[in-house]
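Colleague: Below is the file my_file.txt, which contains compact mmCIF, C-alpha atoms.
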```
# COMPACT_ATOMS: atom_id res chain seq x y z
CA MET A 24 99.81 161.02 11.65
CA GLU A 25 101.64 162.20 8.55
CA LYS A 26 104.63 159.96 9.25
CA GLY A 27 103.38 157.42 11.74
CA TYR A 28 105.86 155.90 14.15
CA ILE A 29 106.77 152.52 15.56
CA GLN A 30 106.28 152.14 19.30
CA VAL A 31 107.38 149.28 21.55
CA TYR A 32 106.04 148.64 25.05
CA THR A 33 108.18 146.05 26.81
CA GLY A 34 109.55 145.09 30.23
CA ASN A 35 108.57 142.78 33.05
CA GLY A 36 106.12 145.21 34.64
CA LYS A 37 102.35 145.33 34.38
CA GLY A 38 100.71 147.69 31.91
CA LYS A 39 101.89 146.96 28.37
CA THR A 40 98.53 145.77 27.05
CA THR A 41 96.74 148.39 29.13
CA ALA A 42 98.83 151.14 27.49
CA LEU A 43 98.08 149.66 24.07
CA LEU A 44 94.35 149.66 24.82
CA GLY A 45 94.50 153.25 26.04
CA LEU A 46 96.04 154.22 22.72
CA ALA A 47 93.27 152.31 20.90
CA LEU A 48 90.64 154.23 22.87
CA ARG A 49 92.29 157.54 22.05
CA ALA A 50 92.53 156.63 18.35
CA CYS A 51 88.84 155.66 18.25
CA GLY A 52 87.95 159.00 19.80
CA ALA A 53 89.83 160.69 16.95
CA GLY A 54 87.99 158.61 14.35
CA LEU A 55 91.03 156.53 13.35
CA GLY A 56 90.77 152.96 12.15
CA VAL A 57 92.27 150.51 14.67
CA TYR A 58 93.46 146.93 14.16
CA LEU A 59 94.43 144.81 17.16
CA GLY A 60 96.26 141.55 16.57
CA GLN A 61 96.91 139.52 19.71
CA PHE A 62 99.38 136.69 19.97
CA LEU A 63 99.12 134.04 22.71
CA LYS A 64 95.84 135.31 24.16
CA GLU A 65 92.27 134.11 24.10
CA ASP A 66 89.11 136.13 23.65
CA SER A 67 87.71 135.56 27.12
CA THR A 68 89.62 138.52 28.58
CA SER A 69 87.61 141.49 29.81
CA GLU A 70 89.34 143.93 27.47
CA ILE A 71 88.35 141.95 24.38
CA GLN A 72 84.78 141.64 25.63
CA ALA A 73 84.69 145.42 26.16
CA LEU A 74 86.13 146.15 22.71
CA LYS A 75 83.52 143.91 21.09
CA ALA A 76 80.68 145.46 23.09
CA TYR A 77 81.65 149.13 23.14
CA LEU A 78 84.19 149.72 20.38
CA PRO A 79 83.13 147.48 17.52
CA GLN A 80 85.06 149.72 15.11
CA VAL A 81 88.27 148.13 16.48
CA THR A 82 89.08 145.06 14.42
CA VAL A 83 90.35 142.31 16.74
CA GLU A 84 92.08 139.15 15.58
CA GLN A 85 93.87 136.62 17.74
CA TYR A 86 96.63 134.36 16.53
CA GLY A 87 98.23 131.35 18.06
CA PRO A 88 97.15 128.78 20.57
CA GLY A 89 95.62 131.15 23.15
CA TYR A 90 98.09 130.19 25.87
CA PHE A 91 101.67 130.93 26.77
CA ILE A 92 104.23 128.36 25.74
CA ALA A 93 106.44 127.68 28.73
CA GLY A 94 109.37 125.32 28.98
CA ARG A 95 109.16 123.87 25.48
CA GLU A 96 109.59 124.67 21.83
CA PRO A 97 106.44 125.48 19.86
CA ASN A 98 105.17 122.75 17.58
CA GLU A 99 104.70 123.21 13.84
CA GLN A 100 100.98 123.99 14.17
CA GLU A 101 101.68 126.73 16.72
CA LYS A 102 104.41 128.20 14.50
CA ALA A 103 102.06 128.13 11.50
CA MET A 104 99.41 129.98 13.52
CA GLY A 105 101.90 132.67 14.51
CA THR A 106 103.19 133.07 10.96
CA ALA A 107 99.65 133.27 9.57
CA GLY A 108 98.77 135.88 12.21
CA LEU A 109 101.75 138.01 11.31
CA GLU A 110 100.71 137.86 7.67
CA LYS A 111 97.14 138.92 8.58
CA ALA A 112 98.59 141.87 10.49
CA ARG A 113 100.76 142.81 7.50
CA VAL A 114 97.75 142.71 5.16
CA ALA A 115 95.75 144.87 7.61
CA MET A 116 98.64 147.33 7.91
CA LEU A 117 98.91 147.70 4.13
CA SER A 118 95.14 147.78 3.51
CA GLY A 119 94.70 151.53 4.01
CA LYS A 120 91.80 150.88 6.43
CA TYR A 121 93.76 151.39 9.63
CA SER A 122 95.81 154.25 11.04
CA LEU A 123 96.78 152.27 14.15
CA ILE A 124 98.09 148.70 14.08
CA LEU A 125 98.49 147.08 17.51
CA LEU A 126 100.40 143.81 17.85
CA ASP A 127 99.95 142.65 21.42
CA GLU A 128 102.44 140.11 22.84
CA ILE A 129 104.35 139.92 19.57
CA ASN A 130 107.63 140.22 21.46
CA VAL A 131 106.78 137.10 23.46
CA ALA A 132 105.65 135.29 20.31
CA LEU A 133 109.00 136.22 18.81
CA SER A 134 111.03 135.06 21.80
CA LYS A 135 109.12 131.77 21.90
CA GLY A 136 109.69 131.07 18.20
CA LEU A 137 106.09 131.50 17.01
CA VAL A 138 107.21 134.19 14.55
CA GLU A 139 110.60 134.90 12.98
CA LEU A 140 112.67 138.00 13.72
CA ASP A 141 113.29 138.70 10.03
CA ALA A 142 109.54 138.63 9.36
CA VAL A 143 108.78 141.10 12.17
CA LEU A 144 111.59 143.43 11.06
CA ALA A 145 110.27 143.24 7.48
CA LEU A 146 106.80 144.17 8.72
CA MET A 147 108.28 147.14 10.56
CA GLU A 148 110.11 148.25 7.40
CA GLN A 149 106.93 147.93 5.31
CA LYS A 150 104.91 150.23 7.58
CA PRO A 151 103.34 152.90 5.39
CA ALA A 152 103.56 156.59 6.23
CA GLY A 153 100.52 157.64 8.21
CA VAL A 154 100.26 154.31 10.05
CA GLU A 155 101.29 153.98 13.69
CA LEU A 156 102.56 150.51 14.62
CA VAL A 157 102.73 149.33 18.24
CA LEU A 158 104.41 146.13 19.42
CA THR A 159 104.07 144.87 22.99
CA GLY A 160 105.39 142.10 25.15
CA ARG A 161 108.20 141.29 27.51
CA GLY A 162 111.69 140.78 26.23
CA ALA A 163 111.78 142.95 23.12
CA MET A 164 114.83 141.91 21.13
CA PRO A 165 117.60 144.47 20.56
CA GLU A 166 116.86 144.51 16.83
CA ILE A 167 113.21 145.42 17.50
CA ILE A 168 114.24 148.16 19.92
CA GLU A 169 116.73 149.54 17.38
CA ALA A 170 114.13 149.62 14.59
CA ALA A 171 111.49 151.37 16.76
CA ASP A 172 111.00 155.12 17.13
CA LEU A 173 109.72 154.99 20.72
CA VAL A 174 110.42 152.32 23.34
CA THR A 175 108.83 152.27 26.78
CA GLU A 176 109.89 149.75 29.39
CA MET A 177 107.44 148.83 32.12
CA ARG A 178 109.58 147.82 35.09
CA GLU A 179 108.21 145.78 37.96
CA ILE A 180 109.15 147.19 41.33
CA LYS A 181 106.59 145.34 43.44
CA HIS A 182 103.77 143.01 42.43
CA TYR A 183 101.14 141.08 44.38
CA TYR A 184 101.62 138.02 42.13
CA LYS A 185 104.57 137.23 44.37
CA ASP A 186 102.07 136.90 47.23
CA GLY A 187 100.11 134.31 45.25
CA VAL A 188 97.45 136.64 43.82
CA GLN A 189 96.25 135.30 40.47
CA ALA A 190 95.13 137.43 37.50
CA ARG A 191 91.81 139.03 38.45
CA VAL A 192 88.89 139.53 36.07
CA GLY A 193 88.51 143.20 35.25
CA ILE A 194 92.00 144.10 36.47
CA GLU A 195 94.54 141.76 34.82
CA ARG A 196 92.25 139.84 32.50
```
Before we go any further, please render this structure as structure tokens.
Modeller:
Amino acid sequence: MEKGYIQVYTGNGKGKTTALLGLALRACGAGLGVYLGQFLKEDSTSEIQALKAYLPQVTVEQYGPGYFIAGREPNEQEKAMGTAGLEKARVAMLSGKYSLILLDEINVALSKGLVELDAVLALMEQKPAGVELVLTGRGAMPEIIEAADLVTEMREIKHYYKDGVQARVGIER
């Protein structure tokens, strides 16, 4: 953790948040401080309930409206929530309390206009040595990919959503 790297998990396949949570679990096992900032999600998901119950040393904050914005531009309140969340993440990253900063669905928040590309790139540039920064979400922009040290793309080959299966508690949410 001398240097700390920037990781991006993107793509249209399942598993980006799951990979992020696996990394959080591993970091907790090593005694590292973990900060999880989630964009566009609400706290009723099973993974957040488990973190609160079993890994209270993981700081969890959620920013934004708690739902995906589809087919429309975000309103000013939604943009303000995203911008404020990014600032909270920046403060956490620079605080010295955390070795692992996880920004879940930030790529989607970026593509939907809840946060600005320049602000995310600035956050990436400000990452201190010894801090690992992970950004997830579909559709990572080329500039984000270029600025990262590691990029993993989850690619959907087959998914039961296409058969009408909704997100299931304990598996997808």
Colleague: In Å, how far is it from atom CA of A:Gly34 to atom CA of A:Thr175?
Modeller: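 Here the two named atoms are 8.0 Å from each other.
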Colleague: Taking (114.7, 135.3, 15.9) in the coordinates of the supplied file, I want to know which residues reach to within 12 Å of it, counting all atoms listed in the file; could you give the answer as JSON, numbers by chain?
Modeller: {"A": [129, 130, 131, 132, 133, 134, 135, 136, 137, 138, 139, 140, 141, 142, 143, 144, 163, 164, 165, 166, 167]}
Colleague: Would you compute the distance between atom CA of A:Met147 and atom CA of A:Ala170? Give it in Å to one decimal.
Modeller: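 Pair atom CA of A:Met147 / atom CA of A:Ala170 returns 7.5 Å.
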Colleague: Interatomic distance between atom CA of A:Thr82 and atom CA of A:Val192?
Modeller: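 The value is 22.3 Å.
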Colleague: List the residues sitting within 12 Å of (110.2, 156.3, 20.0) in the file's frame, using all atoms listed in the file, as an NGL selection string.
Modeller: :A and (27-32 or 155-158 or 167-176)
Colleague: Can those selected residues be exported to a file as a compact mmCIF listing (two decimals), in the coordinates of the input so that it contains C-alpha atoms?
Modeller:
```txt
# COMPACT_ATOMS: atom_id res chain seq x y z
CA GLY A 27 103.38 157.42 11.74
CA TYR A 28 105.86 155.90 14.15
CA ILE A 29 106.77 152.52 15.56
CA GLN A 30 106.28 152.14 19.30
CA VAL A 31 107.38 149.28 21.55
CA TYR A 32 106.04 148.64 25.05
CA GLU A 155 101.29 153.98 13.69
CA LEU A 156 102.56 150.51 14.62
CA VAL A 157 102.73 149.33 18.24
CA LEU A 158 104.41 146.13 19.42
CA ILE A 167 113.21 145.42 17.50
CA ILE A 168 114.24 148.16 19.92
CA GLU A 169 116.73 149.54 17.38
CA ALA A 170 114.13 149.62 14.59
CA ALA A 171 111.49 151.37 16.76
CA ASP A 172 111.00 155.12 17.13
CA LEU A 173 109.72 154.99 20.72
CA VAL A 174 110.42 152.32 23.34
CA THR A 175 108.83 152.27 26.78
CA GLU A 176 109.89 149.75 29.39
```
Colleague: Measuring between all atoms listed in the file, which one of A:Gln189, A:Thr40, A:Ser122, A:Gln80 shows the shortest distance to A:Lys64?
Modeller: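 Of A:Gln189, A:Thr40, A:Ser122, A:Gln80, the one nearest A:Lys64 is A:Thr40, counting all atoms listed in the file.
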Colleague: Keeping just C-alpha atoms, export stretch 58-169 of chain A of this structure as a JSON list (two decimals), in the first residue's frame.
Modeller:
```json
[["chain", "number", "residue", "atom", "x", "y", "z"],
["A", 58, "TYR", "CA", -14.76, 4.19, 3.12],
["A", 59, "LEU", "CA", -17.64, 3.28, 0.79],
["A", 60, "GLY", "CA", -19.45, 6.05, -1.02],
["A", 61, "GLN", "CA", -22.41, 4.90, -3.11],
["A", 62, "PHE", "CA", -24.08, 6.94, -5.79],
["A", 63, "LEU", "CA", -27.65, 6.19, -6.95],
["A", 64, "LYS", "CA", -28.32, 3.47, -4.39],
["A", 65, "GLU", "CA", -30.40, 3.23, -1.26],
["A", 66, "ASP", "CA", -29.52, 1.60, 2.04],
["A", 67, "SER", "CA", -32.08, -1.18, 1.87],
["A", 68, "THR", "CA", -29.74, -3.46, -0.09],
["A", 69, "SER", "CA", -28.53, -6.63, 1.60],
["A", 70, "GLU", "CA", -24.86, -5.69, 1.24],
["A", 71, "ILE", "CA", -25.33, -2.42, 3.13],
["A", 72, "GLN", "CA", -27.30, -4.19, 5.84],
["A", 73, "ALA", "CA", -24.47, -6.75, 6.17],
["A", 74, "LEU", "CA", -21.78, -4.05, 6.31],
["A", 75, "LYS", "CA", -23.66, -2.24, 9.07],
["A", 76, "ALA", "CA", -24.24, -5.43, 11.04],
["A", 77, "TYR", "CA", -20.94, -7.26, 10.57],
["A", 78, "LEU", "CA", -18.34, -4.74, 9.42],
["A", 79, "PRO", "CA", -19.16, -1.53, 11.26],
["A", 80, "GLN", "CA", -15.56, -0.37, 10.72],
["A", 81, "VAL", "CA", -16.51, 0.31, 7.07],
["A", 82, "THR", "CA", -17.80, 3.86, 6.78],
["A", 83, "VAL", "CA", -20.76, 3.91, 4.38],
["A", 84, "GLU", "CA", -22.27, 7.05, 2.89],
["A", 85, "GLN", "CA", -24.80, 7.25, 0.10],
["A", 86, "TYR", "CA", -25.23, 10.20, -2.20],
["A", 87, "GLY", "CA", -27.91, 11.11, -4.61],
["A", 88, "PRO", "CA", -31.56, 10.29, -4.93],
["A", 89, "GLY", "CA", -31.32, 6.53, -4.28],
["A", 90, "TYR", "CA", -32.63, 5.59, -7.72],
["A", 91, "PHE", "CA", -31.33, 5.44, -11.25],
["A", 92, "ILE", "CA", -32.15, 8.37, -13.47],
["A", 93, "ALA", "CA", -33.44, 6.99, -16.76],
["A", 94, "GLY", "CA", -34.58, 8.90, -19.81],
["A", 95, "ARG", "CA", -34.16, 12.40, -18.39],
["A", 96, "GLU", "CA", -31.63, 14.93, -17.25],
["A", 97, "PRO", "CA", -31.02, 15.19, -13.50],
["A", 98, "ASN", "CA", -32.57, 18.15, -11.76],
["A", 99, "GLU", "CA", -30.55, 20.71, -9.80],
["A", 100, "GLN", "CA", -31.24, 19.01, -6.45],
["A", 101, "GLU", "CA", -29.99, 15.67, -7.78],
["A", 102, "LYS", "CA", -26.86, 17.32, -9.20],
["A", 103, "ALA", "CA", -26.23, 19.08, -5.89],
["A", 104, "MET", "CA", -26.51, 15.76, -4.05],
["A", 105, "GLY", "CA", -23.99, 14.15, -6.40],
["A", 106, "THR", "CA", -21.56, 17.06, -6.12],
["A", 107, "ALA", "CA", -21.85, 17.08, -2.32],
["A", 108, "GLY", "CA", -21.24, 13.32, -2.26],
["A", 109, "LEU", "CA", -18.13, 13.63, -4.36],
["A", 110, "GLU", "CA", -16.84, 16.30, -1.99],
["A", 111, "LYS", "CA", -17.53, 14.03, 1.02],
["A", 112, "ALA", "CA", -15.56, 11.28, -0.70],
["A", 113, "ARG", "CA", -12.68, 13.68, -1.38],
["A", 114, "VAL", "CA", -12.60, 14.76, 2.27],
["A", 115, "ALA", "CA", -12.61, 11.10, 3.38],
["A", 116, "MET", "CA", -9.83, 10.26, 0.92],
["A", 117, "LEU", "CA", -7.64, 13.10, 2.22],
["A", 118, "SER", "CA", -8.46, 12.52, 5.91],
["A", 119, "GLY", "CA", -5.76, 9.93, 6.56],
["A", 120, "LYS", "CA", -8.36, 7.61, 8.16],
["A", 121, "TYR", "CA", -8.85, 5.34, 5.16],
["A", 122, "SER", "CA", -6.53, 3.18, 3.08],
["A", 123, "LEU", "CA", -9.33, 2.11, 0.73],
["A", 124, "ILE", "CA", -11.82, 4.51, -0.86],
["A", 125, "LEU", "CA", -14.66, 2.83, -2.78],
["A", 126, "LEU", "CA", -16.90, 4.90, -5.03],
["A", 127, "ASP", "CA", -19.70, 2.63, -6.18],
["A", 128, "GLU", "CA", -21.68, 3.60, -9.31],
["A", 129, "ILE", "CA", -19.68, 6.79, -9.77],
["A", 130, "ASN", "CA", -19.30, 6.02, -13.48],
["A", 131, "VAL", "CA", -23.08, 5.96, -13.86],
["A", 132, "ALA", "CA", -23.43, 9.14, -11.79],
["A", 133, "LEU", "CA", -20.89, 10.70, -14.14],
["A", 134, "SER", "CA", -22.63, 9.54, -17.31],
["A", 135, "LYS", "CA", -25.98, 10.79, -16.00],
["A", 136, "GLY", "CA", -24.61, 14.24, -15.14],
["A", 137, "LEU", "CA", -24.82, 13.97, -11.34],
["A", 138, "VAL", "CA", -21.09, 14.70, -11.07],
["A", 139, "GLU", "CA", -18.70, 16.45, -13.45],
["A", 140, "LEU", "CA", -15.85, 14.68, -15.26],
["A", 141, "ASP", "CA", -13.33, 17.36, -14.28],
["A", 142, "ALA", "CA", -14.24, 16.91, -10.61],
["A", 143, "VAL", "CA", -13.79, 13.13, -10.74],
["A", 144, "LEU", "CA", -10.47, 13.46, -12.57],
["A", 145, "ALA", "CA", -9.33, 16.01, -9.98],
["A", 146, "LEU", "CA", -10.25, 13.58, -7.20],
["A", 147, "MET", "CA", -8.22, 10.88, -8.92],
["A", 148, "GLU", "CA", -5.23, 13.24, -9.21],
["A", 149, "GLN", "CA", -5.50, 14.20, -5.52],
["A", 150, "LYS", "CA", -5.32, 10.59, -4.32],
["A", 151, "PRO", "CA", -2.58, 10.40, -1.70],
["A", 152, "ALA", "CA", 0.12, 7.74, -1.79],
["A", 153, "GLY", "CA", -0.91, 4.78, 0.32],
["A", 154, "VAL", "CA", -4.61, 5.13, -0.57],
["A", 155, "GLU", "CA", -6.29, 2.73, -2.99],
["A", 156, "LEU", "CA", -9.19, 4.27, -4.93],
["A", 157, "VAL", "CA", -11.83, 2.14, -6.66],
["A", 158, "LEU", "CA", -14.49, 3.46, -9.03],
["A", 159, "THR", "CA", -17.33, 1.26, -10.29],
["A", 160, "GLY", "CA", -20.22, 1.47, -12.67],
["A", 161, "ARG", "CA", -21.13, 0.83, -16.26],
["A", 162, "GLY", "CA", -19.84, 3.05, -19.00],
["A", 163, "ALA", "CA", -16.55, 4.31, -17.58],
["A", 164, "MET", "CA", -15.50, 7.27, -19.70],
["A", 165, "PRO", "CA", -12.25, 7.03, -21.69],
["A", 166, "GLU", "CA", -10.67, 9.74, -19.53],
["A", 167, "ILE", "CA", -11.39, 7.72, -16.37],
["A", 168, "ILE", "CA", -9.97, 4.57, -17.94],
["A", 169, "GLU", "CA", -6.85, 6.46, -19.04]]
```
